[in-house]
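Below is data15.cif, which holds mmCIF, C-alpha atoms and all ligand atoms.
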data_data
loop_
_atom_site.label_atom_id
_atom_site.label_comp_id
_atom_site.auth_asym_id
_atom_site.auth_seq_id
_atom_site.Cartn_x
_atom_site.Cartn_y
_atom_site.Cartn_z
CA MET O 24 10.97 9.03 -34.09
CA THR O 25 12.01 5.75 -35.63
CA GLU O 26 9.96 2.60 -35.16
CA GLN O 27 12.88 1.06 -33.30
CA LYS O 28 12.97 3.85 -30.73
CA ASP O 29 9.18 3.87 -30.37
CA ARG O 30 9.30 0.15 -29.64
CA GLU O 31 12.22 0.46 -27.27
CA LEU O 32 10.42 3.08 -25.23
CA TYR O 33 7.36 0.85 -25.12
CA HIS O 34 9.54 -2.01 -23.89
CA TRP O 35 10.83 0.08 -20.97
CA LEU O 36 7.38 1.33 -19.98
CA ARG O 37 6.03 -2.18 -19.97
CA LEU O 38 9.04 -3.73 -18.23
CA ILE O 39 8.83 -1.25 -15.38
CA ARG O 40 5.09 -1.87 -14.98
CA GLU O 41 5.56 -5.65 -15.03
CA PHE O 42 8.47 -5.50 -12.61
CA GLU O 43 6.69 -3.24 -10.14
CA ASP O 44 3.41 -5.16 -10.31
CA ARG O 45 5.31 -8.33 -9.53
CA VAL O 46 7.11 -6.70 -6.61
CA SER O 47 3.80 -5.44 -5.18
CA HIS O 48 2.39 -8.94 -5.51
CA LEU O 49 5.44 -10.48 -3.82
CA ASP O 50 4.98 -8.00 -0.99
CA LYS O 51 1.36 -9.06 -0.54
CA GLN O 52 2.51 -12.68 -0.45
CA GLY O 53 4.76 -11.75 2.46
CA LYS O 54 7.91 -12.65 0.56
CA LEU O 55 9.70 -9.34 0.98
CA MET O 56 11.18 -7.50 3.92
CA GLY O 57 10.82 -3.75 4.34
CA GLY O 58 8.68 -1.26 2.47
CA VAL O 59 7.69 -1.31 -1.18
CA TYR O 60 7.07 2.07 -2.82
CA SER O 61 5.36 1.50 -6.13
CA GLY O 62 5.85 4.07 -8.86
CA LYS O 63 3.03 2.59 -10.93
CA GLY O 64 1.61 5.40 -13.04
CA GLN O 65 4.86 7.42 -13.08
CA GLU O 66 6.77 5.32 -15.63
CA ALA O 67 6.95 7.99 -18.35
CA VAL O 68 9.05 10.25 -16.11
CA THR O 69 11.88 7.80 -15.53
CA VAL O 70 11.79 6.43 -19.08
CA GLY O 71 11.77 9.94 -20.53
CA PHE O 72 14.70 11.16 -18.46
CA CYS O 73 16.89 8.03 -18.46
CA HIS O 74 16.49 6.65 -21.96
CA ASP O 75 18.70 9.11 -23.79
CA LEU O 76 21.36 9.50 -21.11
CA ARG O 77 24.86 8.25 -21.72
CA TRP O 78 26.32 5.40 -19.72
CA ASP O 79 28.79 7.78 -18.06
CA ASP O 80 26.07 10.20 -16.92
CA TRP O 81 24.76 9.74 -13.39
CA ILE O 82 21.25 9.46 -12.01
CA PHE O 83 20.02 9.93 -8.44
CA PRO O 84 16.68 8.11 -8.22
CA LEU O 85 14.14 8.59 -5.46
CA HIS O 86 12.61 5.73 -3.48
CA ARG O 87 9.83 5.26 -6.06
CA ASP O 88 12.11 4.97 -9.09
CA LEU O 89 12.83 1.29 -9.76
CA GLY O 90 12.19 2.23 -13.38
CA ALA O 91 15.13 4.61 -13.43
CA TYR O 92 17.44 1.80 -12.33
CA LEU O 93 16.21 -0.45 -15.13
CA VAL O 94 16.42 2.11 -17.93
CA LYS O 95 19.86 3.35 -16.86
CA GLY O 96 21.23 -0.17 -17.18
CA ALA O 97 20.85 -2.00 -13.86
CA ASP O 98 20.57 -5.75 -14.28
CA PRO O 99 16.94 -6.73 -13.46
CA LYS O 100 18.24 -9.87 -11.74
CA ARG O 101 20.43 -7.93 -9.34
CA LEU O 102 17.68 -5.38 -8.79
CA MET O 103 15.27 -8.15 -7.79
CA ALA O 104 17.95 -9.69 -5.55
CA GLN O 105 18.36 -6.25 -3.95
CA ILE O 106 14.62 -6.12 -3.21
CA PHE O 107 14.82 -9.59 -1.66
CA GLY O 108 17.74 -8.45 0.52
CA LYS O 109 19.96 -11.14 -0.98
CA ARG O 110 23.70 -11.22 -1.36
CA ASP O 111 23.57 -10.62 -5.14
CA GLY O 112 21.73 -7.36 -4.65
CA PHE O 113 23.61 -4.09 -5.03
CA ALA O 114 23.86 -3.65 -1.26
CA LYS O 115 24.86 -7.33 -0.86
CA GLY O 116 21.87 -8.00 1.38
CA LYS O 117 22.17 -4.99 3.67
CA ASP O 118 18.87 -3.53 2.58
CA SER O 119 15.93 -4.19 0.31
CA TYR O 120 14.12 -1.51 -1.68
CA LEU O 121 16.34 1.42 -0.78
CA HIS O 122 20.06 2.08 -0.50
CA GLY O 123 21.13 0.00 -3.46
CA GLY O 124 23.09 2.07 -5.93
CA ASP O 125 24.60 0.46 -9.01
CA LEU O 126 27.80 2.46 -9.22
CA SER O 127 29.02 0.63 -12.33
CA ASN O 128 26.05 2.05 -14.26
CA GLY O 129 26.04 5.56 -12.83
CA ILE O 130 23.17 4.99 -10.41
CA PHE O 131 23.43 6.51 -6.94
CA GLY O 132 21.30 4.59 -4.43
CA ALA O 133 18.12 6.16 -3.12
CA THR O 134 18.23 7.34 0.49
CA SER O 135 15.68 7.20 3.31
CA CYS O 136 16.39 10.80 4.18
CA LEU O 137 14.53 12.34 1.28
CA GLY O 138 16.20 15.11 -0.64
CA ALA O 139 19.64 14.15 0.70
CA THR O 140 20.73 12.92 -2.71
CA LEU O 141 20.38 16.34 -4.35
CA PRO O 142 23.51 17.88 -2.80
CA VAL O 143 25.38 14.74 -3.88
CA ALA O 144 24.08 15.22 -7.44
CA ALA O 145 25.20 18.86 -7.35
CA GLY O 146 28.59 17.74 -6.06
CA MET O 147 28.90 15.18 -8.83
CA ALA O 148 28.00 17.84 -11.40
CA TYR O 149 30.60 20.14 -9.83
CA LYS O 150 33.19 17.42 -10.37
CA PHE O 151 32.16 17.08 -14.04
CA LYS O 152 32.52 20.83 -14.48
CA MET O 153 35.91 21.03 -12.74
CA ARG O 154 37.22 18.27 -14.99
CA LYS O 155 35.68 19.84 -18.10
CA GLU O 156 33.74 16.63 -18.82
CA ASP O 157 30.49 16.88 -20.75
CA ARG O 158 28.68 14.53 -18.36
CA VAL O 159 25.36 15.22 -16.73
CA ALA O 160 23.79 14.41 -13.35
CA VAL O 161 20.02 13.91 -13.16
CA ALA O 162 18.46 14.12 -9.70
CA PHE O 163 14.90 12.94 -9.09
CA PHE O 164 12.88 14.07 -6.08
CA GLY O 165 9.29 14.29 -4.90
CA GLU O 166 7.40 17.50 -4.27
CA GLY O 167 7.44 16.57 -0.57
CA ALA O 168 11.23 16.41 -0.59
CA SER O 169 11.25 19.80 -2.32
CA SER O 170 10.49 21.39 1.07
CA ARG O 171 13.77 20.15 2.54
CA GLY O 172 16.70 22.47 3.18
CA ASP O 173 19.12 20.15 1.38
CA VAL O 174 17.10 20.55 -1.80
CA HIS O 175 17.26 24.36 -1.68
CA GLU O 176 20.97 24.29 -0.92
CA ALA O 177 21.68 21.92 -3.78
CA MET O 178 19.72 24.06 -6.25
CA ASN O 179 21.24 27.27 -5.01
CA PHE O 180 24.76 25.89 -5.32
CA ALA O 181 23.98 24.48 -8.78
CA GLY O 182 22.61 27.84 -9.89
CA VAL O 183 25.60 29.79 -8.60
CA HIS O 184 28.08 27.53 -10.38
CA LYS O 185 25.92 26.79 -13.47
CA LEU O 186 26.37 23.07 -12.94
CA PRO O 187 25.45 20.34 -15.44
CA VAL O 188 22.60 18.96 -13.37
CA VAL O 189 18.92 18.43 -14.11
CA PHE O 190 16.51 18.49 -11.17
CA VAL O 191 13.44 16.39 -11.91
CA CYS O 192 10.52 16.83 -9.54
CA GLU O 193 8.00 13.99 -9.73
CA ASN O 194 4.98 15.84 -8.42
CA ASN O 195 2.42 13.10 -7.72
CA PHE O 196 0.36 15.52 -5.60
CA TYR O 197 0.80 13.72 -2.26
CA ALA O 198 3.78 13.36 0.02
CA TYR O 199 2.47 10.37 1.88
CA SER O 200 -0.92 11.95 2.72
CA THR O 201 0.11 15.64 2.50
CA PRO O 202 -1.44 17.36 -0.53
CA ASN O 203 0.33 20.06 -2.55
CA GLU O 204 -1.61 22.93 -0.94
CA LEU O 205 -0.18 21.99 2.47
CA GLN O 206 3.29 21.41 1.04
CA PHE O 207 4.20 24.77 -0.52
CA GLY O 208 2.85 28.26 -0.94
CA VAL O 209 3.68 28.60 -4.63
CA ASP O 210 1.52 27.14 -7.39
CA ASN O 211 4.24 24.94 -8.84
CA VAL O 212 7.57 23.59 -7.63
CA ALA O 213 9.08 24.75 -10.93
CA ASP O 214 8.23 28.37 -10.01
CA ARG O 215 11.11 28.25 -7.55
CA ALA O 216 13.74 27.84 -10.26
CA ALA O 217 13.76 31.60 -10.89
CA GLY O 218 14.95 32.08 -7.32
CA TYR O 219 18.01 29.98 -8.07
CA GLY O 220 18.78 31.68 -11.36
CA PHE O 221 17.88 28.94 -13.81
CA LYS O 222 14.95 27.78 -15.88
CA GLY O 223 11.97 25.89 -14.53
CA GLU O 224 9.61 23.94 -16.73
CA ILE O 225 6.34 22.12 -16.11
CA VAL O 226 5.34 19.07 -18.12
CA SER O 227 2.73 16.35 -18.03
CA GLY O 228 4.65 13.48 -16.48
CA ASN O 229 2.23 10.95 -17.97
CA ASP O 230 2.91 12.04 -21.53
CA LEU O 231 6.14 10.40 -22.64
CA HIS O 232 6.47 12.71 -25.66
CA ALA O 233 6.32 15.77 -23.42
CA VAL O 234 8.81 14.30 -20.96
CA LEU O 235 11.23 13.35 -23.73
CA LYS O 236 11.08 16.85 -25.16
CA ALA O 237 11.71 18.49 -21.80
CA SER O 238 14.47 16.06 -20.87
CA LYS O 239 16.28 16.60 -24.17
CA LYS O 240 16.22 20.36 -23.71
CA ALA O 241 17.43 20.17 -20.11
CA ILE O 242 20.10 17.55 -20.72
CA ASP O 243 21.43 19.34 -23.82
CA ARG O 244 21.57 22.59 -21.86
CA ALA O 245 23.51 20.93 -19.04
CA ARG O 246 25.88 19.16 -21.42
CA LYS O 247 26.65 22.39 -23.28
CA GLY O 248 27.63 24.08 -20.01
CA GLU O 249 24.53 26.29 -19.86
CA GLY O 250 23.62 25.20 -16.33
CA PRO O 251 20.82 23.45 -14.48
CA THR O 252 17.10 23.13 -15.19
CA LEU O 253 14.28 22.26 -12.84
CA VAL O 254 11.64 20.18 -14.58
CA GLU O 255 8.44 19.51 -12.70
CA CYS O 256 6.55 16.49 -13.99
CA LYS O 257 2.90 16.42 -12.90
CA THR O 258 2.02 12.78 -12.43
CA TYR O 259 0.26 10.38 -10.09
CA ARG O 260 1.05 7.23 -8.17
CA TYR O 261 -1.73 4.68 -8.45
CA HIS O 262 -0.83 2.92 -5.22
CA GLY O 263 -0.54 4.38 -1.77
CA HIS O 264 2.71 5.80 -0.49
CA SER O 265 3.78 2.22 0.19
CA GLU O 266 1.96 -1.05 -0.12
CA HIS O 267 0.66 -0.81 3.44
CA ASP O 268 -0.98 2.59 2.78
CA ARG O 269 -4.56 2.30 1.49
CA ALA O 270 -4.43 5.95 0.48
CA ASP O 271 -7.99 6.64 1.54
CA TYR O 272 -7.10 10.33 1.79
CA ARG O 273 -7.72 10.44 -1.99
CA GLU O 274 -11.11 10.52 -3.71
CA GLU O 275 -11.87 7.56 -5.95
CA GLU O 276 -12.89 9.96 -8.73
CA GLU O 277 -9.42 11.52 -8.64
CA VAL O 278 -7.69 8.15 -8.87
CA ILE O 279 -9.88 7.05 -11.78
CA THR O 280 -9.29 10.33 -13.60
CA TRP O 281 -5.54 9.82 -13.42
CA GLU O 282 -5.79 6.16 -14.38
CA SER O 283 -7.55 7.28 -17.54
CA ARG O 284 -4.37 9.20 -18.45
CA ASP O 285 -2.20 6.13 -18.07
CA PRO O 286 1.23 6.68 -19.64
CA ILE O 287 1.39 3.19 -21.15
CA GLN O 288 -2.07 3.37 -22.67
CA LEU O 289 -1.24 6.78 -24.13
CA TRP O 290 1.88 5.33 -25.73
CA GLU O 291 -0.12 2.40 -27.08
CA VAL O 292 -2.54 4.78 -28.78
CA TYR O 293 0.46 6.50 -30.35
CA LEU O 294 1.90 3.19 -31.62
CA GLN O 295 -1.46 2.27 -33.10
CA ARG O 296 -1.83 5.64 -34.82
CA LYS O 297 1.64 5.24 -36.33
CA LYS O 298 0.19 2.19 -38.08
CA TYR O 299 2.80 -0.24 -36.83
CA ASP O 300 1.77 -3.86 -36.39
CA PHE O 301 0.65 -3.08 -32.88
CA ALA O 302 -0.83 -6.49 -32.08
CA ALA O 303 2.53 -8.10 -32.84
CA ILE O 304 4.50 -5.46 -30.90
CA GLN O 305 2.24 -5.84 -27.90
CA ALA O 306 2.39 -9.64 -27.89
CA GLU O 307 6.16 -9.69 -28.35
CA THR O 308 6.69 -7.08 -25.63
CA THR O 309 4.39 -8.87 -23.18
CA GLU O 310 6.25 -12.14 -23.69
CA LYS O 311 9.63 -10.46 -23.31
CA VAL O 312 8.94 -8.42 -20.18
CA LYS O 313 7.28 -11.37 -18.44
CA ARG O 314 10.32 -13.52 -19.24
CA ILE O 315 12.76 -10.89 -17.91
CA VAL O 316 10.81 -10.56 -14.66
CA GLU O 317 10.46 -14.35 -14.24
CA GLU O 318 14.20 -14.77 -14.74
CA ALA O 319 14.94 -11.96 -12.30
CA LEU O 320 12.68 -13.56 -9.72
CA ALA O 321 14.21 -17.02 -10.11
CA PHE O 322 17.67 -15.47 -9.75
CA ALA O 323 16.71 -13.50 -6.64
CA GLU O 324 15.08 -16.48 -4.97
CA ALA O 325 18.13 -18.65 -5.64
CA SER O 326 20.57 -15.98 -4.46
CA PRO O 327 21.99 -16.74 -0.99
CA ALA O 328 21.13 -14.66 2.04
CA PRO O 329 24.15 -12.86 3.50
CA GLU O 330 25.92 -14.37 6.50
CA GLY O 331 25.91 -12.43 9.77
CA PRO O 332 29.54 -11.21 9.70
CA GLU O 333 28.97 -9.71 6.22
CA ALA O 334 26.90 -7.04 7.95
CA MET O 335 30.19 -5.43 8.97
CA GLU O 336 31.65 -5.37 5.44
CA ASP O 337 31.64 -2.36 3.10
CA LEU O 338 30.54 0.05 5.81
CA TYR O 339 33.31 2.52 5.10
CA ALA O 340 34.74 3.44 1.73
CA MET O 341 38.30 2.42 1.05
CA PRO O 342 40.56 5.27 0.03
CA ILE O 343 40.17 5.60 -3.71
CA ASP O 344 42.21 6.88 -6.59
CA THR O 345 40.06 9.91 -7.36
CA GLU O 346 41.65 10.38 -10.77
CA ALA O 347 40.36 6.97 -11.85
CA VAL O 348 36.66 7.58 -11.01
C1 LIG O 401 13.74 13.86 5.42
C2 LIG O 401 12.58 12.94 5.49
N1 LIG O 401 11.42 13.35 6.03
C3 LIG O 401 10.36 12.51 6.10
C4 LIG O 401 10.47 11.23 5.64
C5 LIG O 401 9.27 10.29 5.73
N2 LIG O 401 8.69 10.11 4.41
C6 LIG O 401 9.02 9.07 3.64
S1 LIG O 401 8.33 9.15 2.12
C7 LIG O 401 7.54 10.59 2.49
C8 LIG O 401 6.71 11.29 1.45
C9 LIG O 401 7.59 11.79 0.36
O1 LIG O 401 6.87 12.49 -0.58
P1 LIG O 401 7.53 12.99 -1.92
O2 LIG O 401 8.87 13.58 -1.64
O3 LIG O 401 6.55 13.87 -2.60
O4 LIG O 401 7.77 11.67 -2.77
P2 LIG O 401 6.69 10.56 -3.14
O5 LIG O 401 6.73 9.54 -2.02
O6 LIG O 401 5.37 11.24 -3.26
O7 LIG O 401 7.13 9.98 -4.42
C10 LIG O 401 7.84 11.00 3.77
C11 LIG O 401 7.31 12.21 4.41
C12 LIG O 401 11.71 10.83 5.08
N3 LIG O 401 11.90 9.59 4.59
N4 LIG O 401 12.75 11.69 5.00
#

Could you render the structure as structure tokens?
Amino acid sequence: MTEQKDRELYHWLRLIREFEDRVSHLDKQGKLMGGVYSGKGQEAVTVGFCHDLRWDDWIFPLHRDLGAYLVKGADPKRLMAQIFGKRDGFAKGKDSYLHGGDLSNGIFGATSCLGATLPVAAGMAYKFKMRKEDRVAVAFFGEGASSRGDVHEAMNFAGVHKLPVVFVCENNFYAYSTPNELQFGVDNVADRAAGYGFKGEIVSGNDLHAVLKASKKAIDRARKGEGPTLVECKTYRYHGHSEHDRADYREEEEVITWESRDPIQLWEVYLQRKKYDFAAIQAETTEKVKRIVEEALAFAEASPAPEGPEAMEDLYAMPIDTEAV
């Protein structure tokens, strides 16, 4: 890979970490409403799957995927305003962490009802196929959501019609407090792909190189009309399910073991071994990501809160010209 791309990927990893750490901190300061679901530790998955997508592709992030929003092109200022429940957020103040899609950048908002976005992703991919467009839908979901009926239906439909969709399971080993062995009877979520008639692949979700390789294969396959792929990324969330969950159902040793496979530190080792001027890259990146997050925060804090009557706006879609979408 070129130095420019290596640096760009580093920028995204670090921006996501900085953004999420700041949001967690804001939550602890009592400045936010609603839940905060940190994806700290899972950054390589969203960077790896979103970085090489086209603007006109679509992503369907899960509740833990602020990073996917950022890499796919969402404005950090609007994303922060969304989290503050302000009028400049994507949902114009109707929600905070969830339910804020950025439709102008091909980002479908996460839903509370987990797994419910997968049939929408399959439907979007069906539209691409019907129109003979070489666009791709990428749907993220947790291994907990993988037990939902919607998820099976979406994958079955996608397999039948060989749709241009990539299903990305972020297996962080716990659905809230439920461990994998109480979640499914197979060894891996990816094992199920065979039952839908497409390929399943397992990768280390903390290793950005591995994720990039798997995402390229799956996205190329979808774009060429060869159908869906299910990629299971084994990863780990450092925080609890949400900021109010102390996650004491996990052993400290397990947490430390995963922290020692940190996706950002792994990428830093790679940058150092490539013999770039790592000290300069690191300093420049740190300055830049801190500035972006500070600016986003200042914007969100200055953004007005919505007025009461605005709660009734945008509840139903206006009839649209479907040919123009
Ligand atoms: C359909 C549905 N069932 C239950 C919940 C409650 N709930 C919210 S997050 C969560 C755990 C989800 O685990 P997973 O899908 O693995 O994603 P993760 O949070 O680990 O990233 C649960 C059970 C929900 N939001 N939606």

Within 7 Å of (0.1, 11.5, -18.8) (file coordinates; only C-alpha atoms), which protein or nucleic acid residues are there? I'd like them as a VMD selection string. chain O and resid 227 to 230 258 284 to 286

Kindly provide, as a PDB file with C-alpha atoms, in the coordinates of the input, all nucleotide and amino acid residues lying within 10 Å of ligand LIG 401 (chain O), counting all atoms listed in the file.
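Now in selection_25.pdb:
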ATOM      1  CA  TYR O  60       7.070   2.070  -2.820  1.00  0.00           C
ATOM      2  CA  SER O  61       5.360   1.500  -6.130  1.00  0.00           C
ATOM      3  CA  GLY O  62       5.850   4.070  -8.860  1.00  0.00           C
ATOM      4  CA  GLN O  65       4.860   7.420 -13.080  1.00  0.00           C
ATOM      5  CA  LEU O  85      14.140   8.590  -5.460  1.00  0.00           C
ATOM      6  CA  HIS O  86      12.610   5.730  -3.480  1.00  0.00           C
ATOM      7  CA  ARG O  87       9.830   5.260  -6.060  1.00  0.00           C
ATOM      8  CA  ASP O  88      12.110   4.970  -9.090  1.00  0.00           C
ATOM      9  CA  THR O 134      18.230   7.340   0.490  1.00  0.00           C
ATOM     10  CA  SER O 135      15.680   7.200   3.310  1.00  0.00           C
ATOM     11  CA  CYS O 136      16.390  10.800   4.180  1.00  0.00           C
ATOM     12  CA  LEU O 137      14.530  12.340   1.280  1.00  0.00           C
ATOM     13  CA  GLY O 138      16.200  15.110  -0.640  1.00  0.00           C
ATOM     14  CA  ALA O 139      19.640  14.150   0.700  1.00  0.00           C
ATOM     15  CA  PHE O 163      14.900  12.940  -9.090  1.00  0.00           C
ATOM     16  CA  PHE O 164      12.880  14.070  -6.080  1.00  0.00           C
ATOM     17  CA  GLY O 165       9.290  14.290  -4.900  1.00  0.00           C
ATOM     18  CA  GLU O 166       7.400  17.500  -4.270  1.00  0.00           C
ATOM     19  CA  GLY O 167       7.440  16.570  -0.570  1.00  0.00           C
ATOM     20  CA  ALA O 168      11.230  16.410  -0.590  1.00  0.00           C
ATOM     21  CA  SER O 169      11.250  19.800  -2.320  1.00  0.00           C
ATOM     22  CA  SER O 170      10.490  21.390   1.070  1.00  0.00           C
ATOM     23  CA  ARG O 171      13.770  20.150   2.540  1.00  0.00           C
ATOM     24  CA  GLY O 172      16.700  22.470   3.180  1.00  0.00           C
ATOM     25  CA  ASP O 173      19.120  20.150   1.380  1.00  0.00           C
ATOM     26  CA  CYS O 192      10.520  16.830  -9.540  1.00  0.00           C
ATOM     27  CA  GLU O 193       8.000  13.990  -9.730  1.00  0.00           C
ATOM     28  CA  ASN O 194       4.980  15.840  -8.420  1.00  0.00           C
ATOM     29  CA  ASN O 195       2.420  13.100  -7.720  1.00  0.00           C
ATOM     30  CA  PHE O 196       0.360  15.520  -5.600  1.00  0.00           C
ATOM     31  CA  TYR O 197       0.800  13.720  -2.260  1.00  0.00           C
ATOM     32  CA  ALA O 198       3.780  13.360   0.020  1.00  0.00           C
ATOM     33  CA  TYR O 199       2.470  10.370   1.880  1.00  0.00           C
ATOM     34  CA  SER O 200      -0.920  11.950   2.720  1.00  0.00           C
ATOM     35  CA  THR O 201       0.110  15.640   2.500  1.00  0.00           C
ATOM     36  CA  PRO O 202      -1.440  17.360  -0.530  1.00  0.00           C
ATOM     37  CA  ASN O 203       0.330  20.060  -2.550  1.00  0.00           C
ATOM     38  CA  GLN O 206       3.290  21.410   1.040  1.00  0.00           C
ATOM     39  CA  THR O 258       2.020  12.780 -12.430  1.00  0.00           C
ATOM     40  CA  TYR O 259       0.260  10.380 -10.090  1.00  0.00           C
ATOM     41  CA  ARG O 260       1.050   7.230  -8.170  1.00  0.00           C
ATOM     42  CA  GLY O 263      -0.540   4.380  -1.770  1.00  0.00           C
ATOM     43  CA  HIS O 264       2.710   5.800  -0.490  1.00  0.00           C
ATOM     44  CA  SER O 265       3.780   2.220   0.190  1.00  0.00           C
TER      45      SER O 265
END

Suppose you want the space between atom CA of Leu289 of chain O and atom CA of Phe301 of chain O; what is it in Å? 13.3 Å

Extract, using only C-alpha atoms, all DNA, RNA and protein residues at most 12 Å from segment 308-320 of chain O, discarding same-chain residues fewer than 2 positions from it, and format them as a compact mmCIF listing (two decimals) with C-alpha atoms, in the coordinates of the input.
# COMPACT_ATOMS: atom_id res chain seq x y z
CA ARG O 30 9.30 0.15 -29.64
CA GLU O 31 12.22 0.46 -27.27
CA LEU O 32 10.42 3.08 -25.23
CA TYR O 33 7.36 0.85 -25.12
CA HIS O 34 9.54 -2.01 -23.89
CA TRP O 35 10.83 0.08 -20.97
CA LEU O 36 7.38 1.33 -19.98
CA ARG O 37 6.03 -2.18 -19.97
CA LEU O 38 9.04 -3.73 -18.23
CA ILE O 39 8.83 -1.25 -15.38
CA ARG O 40 5.09 -1.87 -14.98
CA GLU O 41 5.56 -5.65 -15.03
CA PHE O 42 8.47 -5.50 -12.61
CA GLU O 43 6.69 -3.24 -10.14
CA ASP O 44 3.41 -5.16 -10.31
CA ARG O 45 5.31 -8.33 -9.53
CA VAL O 46 7.11 -6.70 -6.61
CA LEU O 49 5.44 -10.48 -3.82
CA LYS O 54 7.91 -12.65 0.56
CA LEU O 55 9.70 -9.34 0.98
CA LEU O 93 16.21 -0.45 -15.13
CA ALA O 97 20.85 -2.00 -13.86
CA ASP O 98 20.57 -5.75 -14.28
CA PRO O 99 16.94 -6.73 -13.46
CA LYS O 100 18.24 -9.87 -11.74
CA ARG O 101 20.43 -7.93 -9.34
CA LEU O 102 17.68 -5.38 -8.79
CA MET O 103 15.27 -8.15 -7.79
CA ALA O 104 17.95 -9.69 -5.55
CA GLN O 105 18.36 -6.25 -3.95
CA ILE O 106 14.62 -6.12 -3.21
CA PHE O 107 14.82 -9.59 -1.66
CA LYS O 109 19.96 -11.14 -0.98
CA ASP O 111 23.57 -10.62 -5.14
CA GLY O 112 21.73 -7.36 -4.65
CA GLU O 291 -0.12 2.40 -27.08
CA PHE O 301 0.65 -3.08 -32.88
CA ALA O 302 -0.83 -6.49 -32.08
CA ALA O 303 2.53 -8.10 -32.84
CA ILE O 304 4.50 -5.46 -30.90
CA GLN O 305 2.24 -5.84 -27.90
CA ALA O 306 2.39 -9.64 -27.89
CA PHE O 322 17.67 -15.47 -9.75
CA ALA O 323 16.71 -13.50 -6.64
CA GLU O 324 15.08 -16.48 -4.97
CA ALA O 325 18.13 -18.65 -5.64
CA SER O 326 20.57 -15.98 -4.46

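Distances to His232 of chain O were evaluated for O:Trp281, O:Phe72, O:Phe180, O:Tyr339 using only C-alpha atoms, and the minimum falls at O:Phe72.
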
Shortest interatomic distance to Tyr120 of chain O - which of O:Gln288, O:Asn211, O:Thr280, O:Ser47, counting only C-alpha atoms: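 Under the stated criterion, the closest residue is O:Ser47.
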
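Computed from the coordinates, the atom CA of Gly248 of chain O to atom CA of Pro187 of chain O distance equals 6.3 Å.
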
Got a sec to check which residues sit within 8 Å of (28.5, 3.7, -14.6), counting only C-alpha atoms, and write them as a ChimeraX atom specification? /O:78-81,125-130

Can you write out the residues you just picked, keeping C-alpha atoms, as a compact mmCIF listing (two decimals), keeping the file's coordinate frame?
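Written out: again.txt:
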# COMPACT_ATOMS: atom_id res chain seq x y z
CA TRP O 78 26.32 5.40 -19.72
CA ASP O 79 28.79 7.78 -18.06
CA ASP O 80 26.07 10.20 -16.92
CA TRP O 81 24.76 9.74 -13.39
CA ASP O 125 24.60 0.46 -9.01
CA LEU O 126 27.80 2.46 -9.22
CA SER O 127 29.02 0.63 -12.33
CA ASN O 128 26.05 2.05 -14.26
CA GLY O 129 26.04 5.56 -12.83
CA ILE O 130 23.17 4.99 -10.41

To one decimal in Å, tell me the separation between atom CA of Ala213 of chain O and atom CA of Arg77 of chain O.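 Separating atom CA of Ala213 of chain O from atom CA of Arg77 of chain O is a distance of 25.3 Å.
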
Show which residues sit within 8 Å of Asp118 of chain O, as an MDAnalysis selection string. Count only C-alpha atoms, and ignore same-chain residues fewer than 3 positions away. chainID O and resid 105:106 108 114:115 121:123

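In this comparison, which uses all atoms listed in the file, the residue of O:Asp268, O:Asp243, O:Glu224, O:Glu26 approaching Asp300 of chain O most closely is O:Glu26.
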
With distances taken over all atoms listed in the file, which residue among O:Ile82, O:Val94, O:Ala321, O:Leu235 lies nearest Met147 of chain O?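 Among the listed residues, O:Ile82 lies closest to Met147 of chain O.
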
From the set O:Lys222, O:Arg273, O:Lys117, O:Lys95, which residue has the shortest atom-to-atom contact distance to Pro251 of chain O, counting all atoms listed in the file?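 Selected residue with least distance to Pro251 of chain O: O:Lys222.
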
With distances taken over all atoms listed in the file, which residue among O:Lys28, O:Lys152, O:His267, O:His175 lies nearest Val212 of chain O?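 Using all atoms listed in the file, Val212 of chain O sits closest to O:His175.
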